[in-house]
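Chemist: Have a look at the structure that comes next, please.
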Amino acid sequence: MKILVTDPLSKKGVDILRKEKFIVDEKGKMTSDELKKAIKGYDAVIVRSGTKVTSGVIEASDKLKVIGRAGVGLDNVDSAAASKKGIIVMNTPGGNTISAAEQTMSLLLSLARNIPQANASIKKGEWERKKFMGVELYEKTLGIIGLGRIGTEVAKRSLSFGMKVVAYDPYLTVDRARQLDIELITTHIPLTDDTKHLISDKEIKQMKKGVRIINVARGGIMDEKALLRGIEDGKIAGVALDVFEVKPPAKNPLIESGKVIGTPHLGASTEEAQDKVAVEMAKQIADALLGRGVKNAVNIPYVEPELLKVIQPYINLSEKMGALQAQLAQDRIKEVSILYGGEIINYDLSSITIAFIKGLLTPVVGEKVNYVNASVIASERGIKITEAKSSAIEEFANLISVSVKTKDKKMQIEGTLFANGKPRIVKVDNFYVDIEPKGYMIFASNKDVPGIVGKLGSILGKNKINIAAMTFGREKQGGRAVSVCNVDSFVSDKVLDQIRKAENIYDAKLIKL
């Protein structure tokens, strides 16, 4: 079998593949058009961030079975197109954990002690000690947003410096936080996959004066203009960035500030990390092609091909139910109970359960979650998962019923497949509904009175948002009800606020599936 390697890959990884008797062609960075012409005849392709595996490339392939991304990000791989063609997409989410954590600590220390600025000054022949007065890390408070693998490693290192660590992670339980010796931040940020400008003017105003801010995650999570305003106002003492909204950040006023240090996305740029991701990817590719199992697949769980044809619709439904639960919860999830009923109980349900967990975690954890590591990530965050079967369900030929517990409440969602294989959400808490789980949806909680439909339609219409479908459910006549609209486009907070302020409407949330 033949494997194509584009972008530089450590020799250690290539050697592993050749020892397994694969034919390995190292072509270097390729454009999408070049890859489209070259892809025929290859059983696998390994890329890094430089080469894009587009739908056109995938369509042009004739033998391709596996696409390997040696690294974490998958922005350059069309996973949906690969799934349609039955091609496995895999990455190496753990290979750069230590390197990214150490890069964070490097920026943290450099920011606290003004190392880059002092270095630049002394190279000019200056000796200005007072100008670069710094602060100690000891007894300072470090706030971490997202306590996955990298965040946990940063926390461990920060604690060794005598820092107080507080963290926010929607899926980290209090017990797990205590084990790590950190304090949880209470917050009510909606659980969506849209974290653009998570840190902006509003959040900066709530911070202590003299705060220092570091972003080593993704460009765009922090509003760079807001960061500059915070520096100019004296609120922010310093900023360190490894990622930017636009890269390279040419003519960026923020970078020109003397209180800002930057690096060109060096989180994974160590010799050790490069070797680790190459070795991990080589082993994963070899195992997949030689039938020894699939690890870190981001698009499909490993299921026998014949069985997969039968249960794939259930897998899709389950993942959407997980994503829906995550976005409706708005609190730290502690327990998940999944009950399967009807004809579905005759199958191996493990991949369907994993699909739910993946859907539940993805809105916050992001693309690092896949069908292989979803259960591990849930366990790391202290989420208890239970699965049960019942043959007593009579309302539907098949049913997936999921109950989720947070600190203060319990929520339930039920889903089924219609005769044509189309997924439907048929119950949300006490409300019987008929929801097609796809795209953007508005969930409105309201009183069951006349005029709700008109109000929703009027507000959305005035804001040029088209309604694709609507469904309603109520506990009893004149009581609490839920109204769900499938819409064709994104709905801003401004529009949602208009809905919330309408008479007899209690709340409204935007869901994206």
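Within each chain, counting starts at residue 1; across the structure tokens, chains are named A, B, ... in the order shown, with ligands numbered 1 upward in that order.
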Fewer than 3 positions away in the same chain doesn't count, so skip those; otherwise give me all residues within 6 Å of Met30 of chain A, counting only C-alpha atoms, as a short mmCIF file (atom, residue, chain, number, x, y, z; two decimals) with N, CA and C atoms, in the first residue's frame.
Modeler:
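New file selection06.cif:
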data_model
loop_
_atom_site.label_atom_id
_atom_site.label_comp_id
_atom_site.auth_asym_id
_atom_site.auth_seq_id
_atom_site.Cartn_x
_atom_site.Cartn_y
_atom_site.Cartn_z
N GLU A 34 -2.41 20.62 -6.91
CA GLU A 34 -1.32 19.65 -7.07
C GLU A 34 -1.67 18.33 -6.39
N LEU A 35 -2.28 18.42 -5.20
CA LEU A 35 -2.66 17.21 -4.48
C LEU A 35 -3.77 16.46 -5.21
N THR A 51 -0.98 21.89 3.90
CA THR A 51 -1.69 21.33 2.74
C THR A 51 -3.17 21.18 3.06
#
Chemist: What's the 9 Å shell around Gly134 of chain A, counting only C-alpha atoms, without same-chain residues fewer than 4 positions away, as a list of chain:residue names?
Modeler: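 Those residues are A:Leu111, A:Ala112, A:Arg113, A:Asn114.
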Chemist: Pull the alpha helix (DSSP H) assignments for segment 86-292 of chain A out of DSSP run on the backbone, and list those residues as a PyMOL selection string.
Modeler: chain A and resi 97-113+115-123+149-160+174-179+201-205+224-232+253-256+271-289
Chemist: With only C-alpha atoms as the basis for distance, which of A:Gly267, A:Phe132, A:Ala502, A:Arg480 is at the shortest distance from Gly71 of chain A?
Modeler: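 Smallest distance to Gly71 of chain A is found for A:Gly267.
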Chemist: Could you list, as a PyMOL selection string, every residue within 7 Å of segment 348-362 of chain A, counting only C-alpha atoms and ignoring same-chain residues fewer than 3 positions away?
Modeler: chain A and resi 301+314-315+318-323+325-326+365-367+369-371+374-375
Chemist: Find, counting only C-alpha atoms, the residue in A:Ala378, A:Ile511, A:Ile204, A:Ile199 that gets nearest to Gln327 of chain A.
Modeler: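 Looking at the shortest contact to Gln327 of chain A, the residue is A:Ile511.
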Chemist: List every residue of segment 255-429 of chain A that DSSP, applied to the backbone of this structure, places in strand (DSSP E), and write the result as an NGL selection string.
Modeler: :A and (260-262 or 333-342 or 384-390 or 398-406 or 410-417 or 423-428)
Chemist: Write a file of the selected residues as a compact mmCIF listing (two decimals), in the first residue's frame, keeping N, CA and C atoms.
Modeler:
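The resulting result_19.txt:
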# COMPACT_ATOMS: atom_id res chain seq x y z
N VAL A 260 3.04 44.46 24.73
CA VAL A 260 2.58 43.22 24.08
C VAL A 260 3.77 42.44 23.57
N ILE A 261 3.78 41.15 23.85
CA ILE A 261 4.78 40.25 23.27
C ILE A 261 4.04 39.20 22.43
N GLY A 262 4.66 38.79 21.36
CA GLY A 262 4.01 37.84 20.46
C GLY A 262 4.97 36.80 19.93
N ILE A 333 -22.19 19.80 33.77
CA ILE A 333 -22.89 18.52 33.69
C ILE A 333 -22.18 17.49 34.56
N LYS A 334 -22.96 16.79 35.41
CA LYS A 334 -22.39 15.81 36.34
C LYS A 334 -22.68 14.38 35.92
N GLU A 335 -23.90 14.12 35.44
CA GLU A 335 -24.29 12.74 35.11
C GLU A 335 -25.08 12.71 33.81
N VAL A 336 -24.91 11.62 33.07
CA VAL A 336 -25.67 11.38 31.84
C VAL A 336 -26.20 9.96 31.90
N SER A 337 -27.52 9.81 31.74
CA SER A 337 -28.14 8.48 31.70
C SER A 337 -28.83 8.31 30.35
N ILE A 338 -28.44 7.26 29.62
CA ILE A 338 -29.00 7.01 28.29
C ILE A 338 -29.82 5.72 28.33
N LEU A 339 -31.08 5.81 27.91
CA LEU A 339 -31.97 4.64 27.86
C LEU A 339 -32.36 4.38 26.41
N TYR A 340 -32.08 3.17 25.95
CA TYR A 340 -32.44 2.78 24.58
C TYR A 340 -33.66 1.88 24.62
N GLY A 341 -34.59 2.11 23.69
CA GLY A 341 -35.79 1.29 23.63
C GLY A 341 -36.17 0.92 22.22
N GLY A 342 -36.91 -0.19 22.09
CA GLY A 342 -37.37 -0.62 20.77
C GLY A 342 -36.37 -1.50 20.06
N LYS A 384 -20.31 11.20 34.94
CA LYS A 384 -20.71 9.80 35.05
C LYS A 384 -21.68 9.46 33.90
N ILE A 385 -21.36 8.40 33.15
CA ILE A 385 -22.18 7.98 32.01
C ILE A 385 -22.76 6.60 32.31
N THR A 386 -24.09 6.46 32.22
CA THR A 386 -24.72 5.15 32.38
C THR A 386 -25.58 4.86 31.15
N GLU A 387 -25.68 3.58 30.82
CA GLU A 387 -26.42 3.15 29.63
C GLU A 387 -27.34 1.99 30.01
N ALA A 388 -28.56 2.02 29.50
CA ALA A 388 -29.52 0.95 29.81
C ALA A 388 -30.39 0.67 28.60
N LYS A 389 -31.03 -0.52 28.59
CA LYS A 389 -31.93 -0.92 27.52
C LYS A 389 -33.30 -1.25 28.09
N SER A 390 -34.34 -1.04 27.28
CA SER A 390 -35.69 -1.41 27.71
C SER A 390 -36.50 -1.83 26.50
N ASN A 398 -38.36 2.80 17.81
CA ASN A 398 -37.05 2.93 18.43
C ASN A 398 -37.01 4.25 19.16
N LEU A 399 -36.23 4.34 20.23
CA LEU A 399 -36.19 5.57 21.01
C LEU A 399 -34.87 5.67 21.76
N ILE A 400 -34.29 6.87 21.75
CA ILE A 400 -33.13 7.18 22.59
C ILE A 400 -33.59 8.25 23.57
N SER A 401 -33.55 7.91 24.86
CA SER A 401 -33.98 8.84 25.90
C SER A 401 -32.78 9.17 26.78
N VAL A 402 -32.45 10.45 26.88
CA VAL A 402 -31.26 10.87 27.61
C VAL A 402 -31.63 11.83 28.73
N SER A 403 -31.15 11.52 29.91
CA SER A 403 -31.34 12.39 31.07
C SER A 403 -29.99 12.93 31.50
N VAL A 404 -29.91 14.24 31.67
CA VAL A 404 -28.66 14.90 32.06
C VAL A 404 -28.87 15.64 33.37
N LYS A 405 -27.96 15.42 34.32
CA LYS A 405 -28.03 16.10 35.61
C LYS A 405 -26.92 17.14 35.72
N THR A 406 -27.31 18.33 36.15
CA THR A 406 -26.34 19.36 36.52
C THR A 406 -26.44 19.54 38.03
N LYS A 410 -32.37 18.66 36.41
CA LYS A 410 -32.30 17.47 35.58
C LYS A 410 -33.07 17.75 34.30
N MET A 411 -32.49 17.42 33.17
CA MET A 411 -33.12 17.65 31.87
C MET A 411 -33.23 16.34 31.10
N GLN A 412 -34.24 16.25 30.26
CA GLN A 412 -34.44 15.03 29.48
C GLN A 412 -34.76 15.37 28.03
N ILE A 413 -34.16 14.61 27.14
CA ILE A 413 -34.43 14.74 25.70
C ILE A 413 -34.66 13.34 25.14
N GLU A 414 -35.66 13.20 24.28
CA GLU A 414 -35.91 11.93 23.62
C GLU A 414 -35.88 12.12 22.11
N GLY A 415 -35.27 11.16 21.43
CA GLY A 415 -35.16 11.23 19.98
C GLY A 415 -35.47 9.91 19.33
N THR A 416 -35.89 9.95 18.08
CA THR A 416 -36.23 8.73 17.35
C THR A 416 -35.92 8.91 15.88
N LEU A 417 -36.06 7.84 15.13
CA LEU A 417 -35.94 7.89 13.67
C LEU A 417 -37.30 7.63 13.06
N PRO A 423 -33.95 11.84 11.47
CA PRO A 423 -33.93 11.99 12.92
C PRO A 423 -34.92 13.03 13.41
N ARG A 424 -35.50 12.80 14.58
CA ARG A 424 -36.43 13.74 15.17
C ARG A 424 -36.25 13.77 16.70
N ILE A 425 -36.31 14.97 17.27
CA ILE A 425 -36.40 15.13 18.72
C ILE A 425 -37.89 15.16 19.03
N VAL A 426 -38.36 14.23 19.88
CA VAL A 426 -39.79 14.11 20.12
C VAL A 426 -40.21 14.55 21.53
N LYS A 427 -39.23 14.80 22.39
CA LYS A 427 -39.59 15.28 23.73
C LYS A 427 -38.42 16.06 24.33
N VAL A 428 -38.73 17.22 24.91
CA VAL A 428 -37.75 18.02 25.65
C VAL A 428 -38.34 18.28 27.02
Chemist: Which residue is closest to Ala237 of chain A? Choose from A:Val72, A:Ile88, A:Ile213, A:Ala80 and count only C-alpha atoms.
Modeler: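 The shortest atom-to-atom distance to Ala237 of chain A comes from A:Ile213.
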Chemist: I'd like the neighbourhood of Val495 of chain A as a count of residues only, where a residue qualifies if any of its atoms comes within 12 Å (using only C-alpha atoms), though same-chain residues fewer than 4 positions away should be ignored.
Modeler: 20
Chemist: Neighbours of Lys2 of chain A within 12 Å (only C-alpha atoms; same-chain residues fewer than 5 positions away dropped), as a list in words?
Modeler: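 The contact residues come out as Leu17, Arg18, Glu20, Lys21, Phe22, Ile23, Val24, Asp25, Glu26, Ile39, Lys40, Gly41, Tyr42, Asp43, Ala44, Val45, Ile46, Lys63, Leu64, Lys65, Val66, Ile285, Ala286 and Leu289 of chain A.
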Chemist: Considering only C-alpha atoms, can you say which of A:Lys84, A:Gly230, A:Ile214, A:Val364 comes closest to Val243 of chain A?
Modeler: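 Between A:Lys84, A:Gly230, A:Ile214, A:Val364, the residue approaching Val243 of chain A most closely is A:Ile214.
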Chemist: May I have the residues within 9 Å of Val14 of chain A as a PyMOL selection string, using only C-alpha atoms and disregarding those fewer than 5 positions away in the same chain?
Modeler: chain A and resi 5+9+19+24+26+278-279+282
Chemist: So how many Å separate atom CA of His197 of chain A and atom CA of Asn76 of chain A, to one decimal?
Modeler: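 Value for the atom CA of His197 of chain A-atom CA of Asn76 of chain A distance: 22.2 Å.
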Chemist: Calculate how many Å separate atom CA of Lys247 of chain A from atom CA of Val77 of chain A, rounding to one decimal.
Modeler: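 Separation between atom CA of Lys247 of chain A and atom CA of Val77 of chain A: 19.1 Å.
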Chemist: Which residue, A:Asp408, A:Glu153, A:Asp242, A:Glu183, has the smallest gap to Val216 of chain A when you use only C-alpha atoms?
Modeler: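 Under the stated criterion, the closest residue is A:Asp242.
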Chemist: Restricting the calculation to only C-alpha atoms, which member of A:Ile144, A:Met90, A:Ala397, A:Ala70 is positioned closest to Ser10 of chain A?
Modeler: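 Closest to Ser10 of chain A, using only C-alpha atoms: A:Ala70.
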Chemist: Please, what distance in Å, to one decimal, runs between atom CA of Thr270 of chain A and atom CA of Thr152 of chain A?
Modeler: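 Between these atoms lies a distance of 19.4 Å.
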Chemist: So that each row is one residue of segment 132-235 of chain A with an atom at most 8 Å from segment 94-109 of chain A, can you give its shortest atom pair and the distance in Å to one decimal, using only C-alpha atoms, rows by chain and rising number, as a tab-separated table?
Modeler:
residue	atom	partner	partner_atom	distance
A:Leu137	CA	A:Leu109	CA	7.8
A:Arg149	CA	A:Thr97	CA	6.5
A:Ile150	CA	A:Thr97	CA	5.2
A:Gly151	CA	A:Ala101	CA	7.2
A:Glu153	CA	A:Ala101	CA	5.9
A:Val154	CA	A:Ala101	CA	5.2
A:Arg157	CA	A:Met105	CA	7.8
A:Ser158	CA	A:Met105	CA	7.8
A:Ile214	CA	A:Leu108	CA	7.2
A:Val216	CA	A:Thr104	CA	6.5
Chemist: Those residues with C-alpha atoms, as a PDB file, in the first residue's frame please?
Modeler:
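The resulting file, again.pdb, is reproduced below:
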ATOM      1  CA  LEU A 137       4.187  34.757  39.934  1.00  0.00           C
ATOM      2  CA  ARG A 149      -5.064  18.293  28.663  1.00  0.00           C
ATOM      3  CA  ILE A 150      -3.104  21.492  28.023  1.00  0.00           C
ATOM      4  CA  GLY A 151      -4.985  23.558  30.592  1.00  0.00           C
ATOM      5  CA  GLU A 153      -0.646  20.796  32.528  1.00  0.00           C
ATOM      6  CA  VAL A 154      -0.507  24.604  32.770  1.00  0.00           C
ATOM      7  CA  ARG A 157       3.104  24.038  36.535  1.00  0.00           C
ATOM      8  CA  SER A 158       1.516  27.232  37.846  1.00  0.00           C
ATOM      9  CA  ILE A 214      -2.291  35.345  27.465  1.00  0.00           C
ATOM     10  CA  VAL A 216      -2.189  30.394  23.215  1.00  0.00           C
TER      11      VAL A 216
END
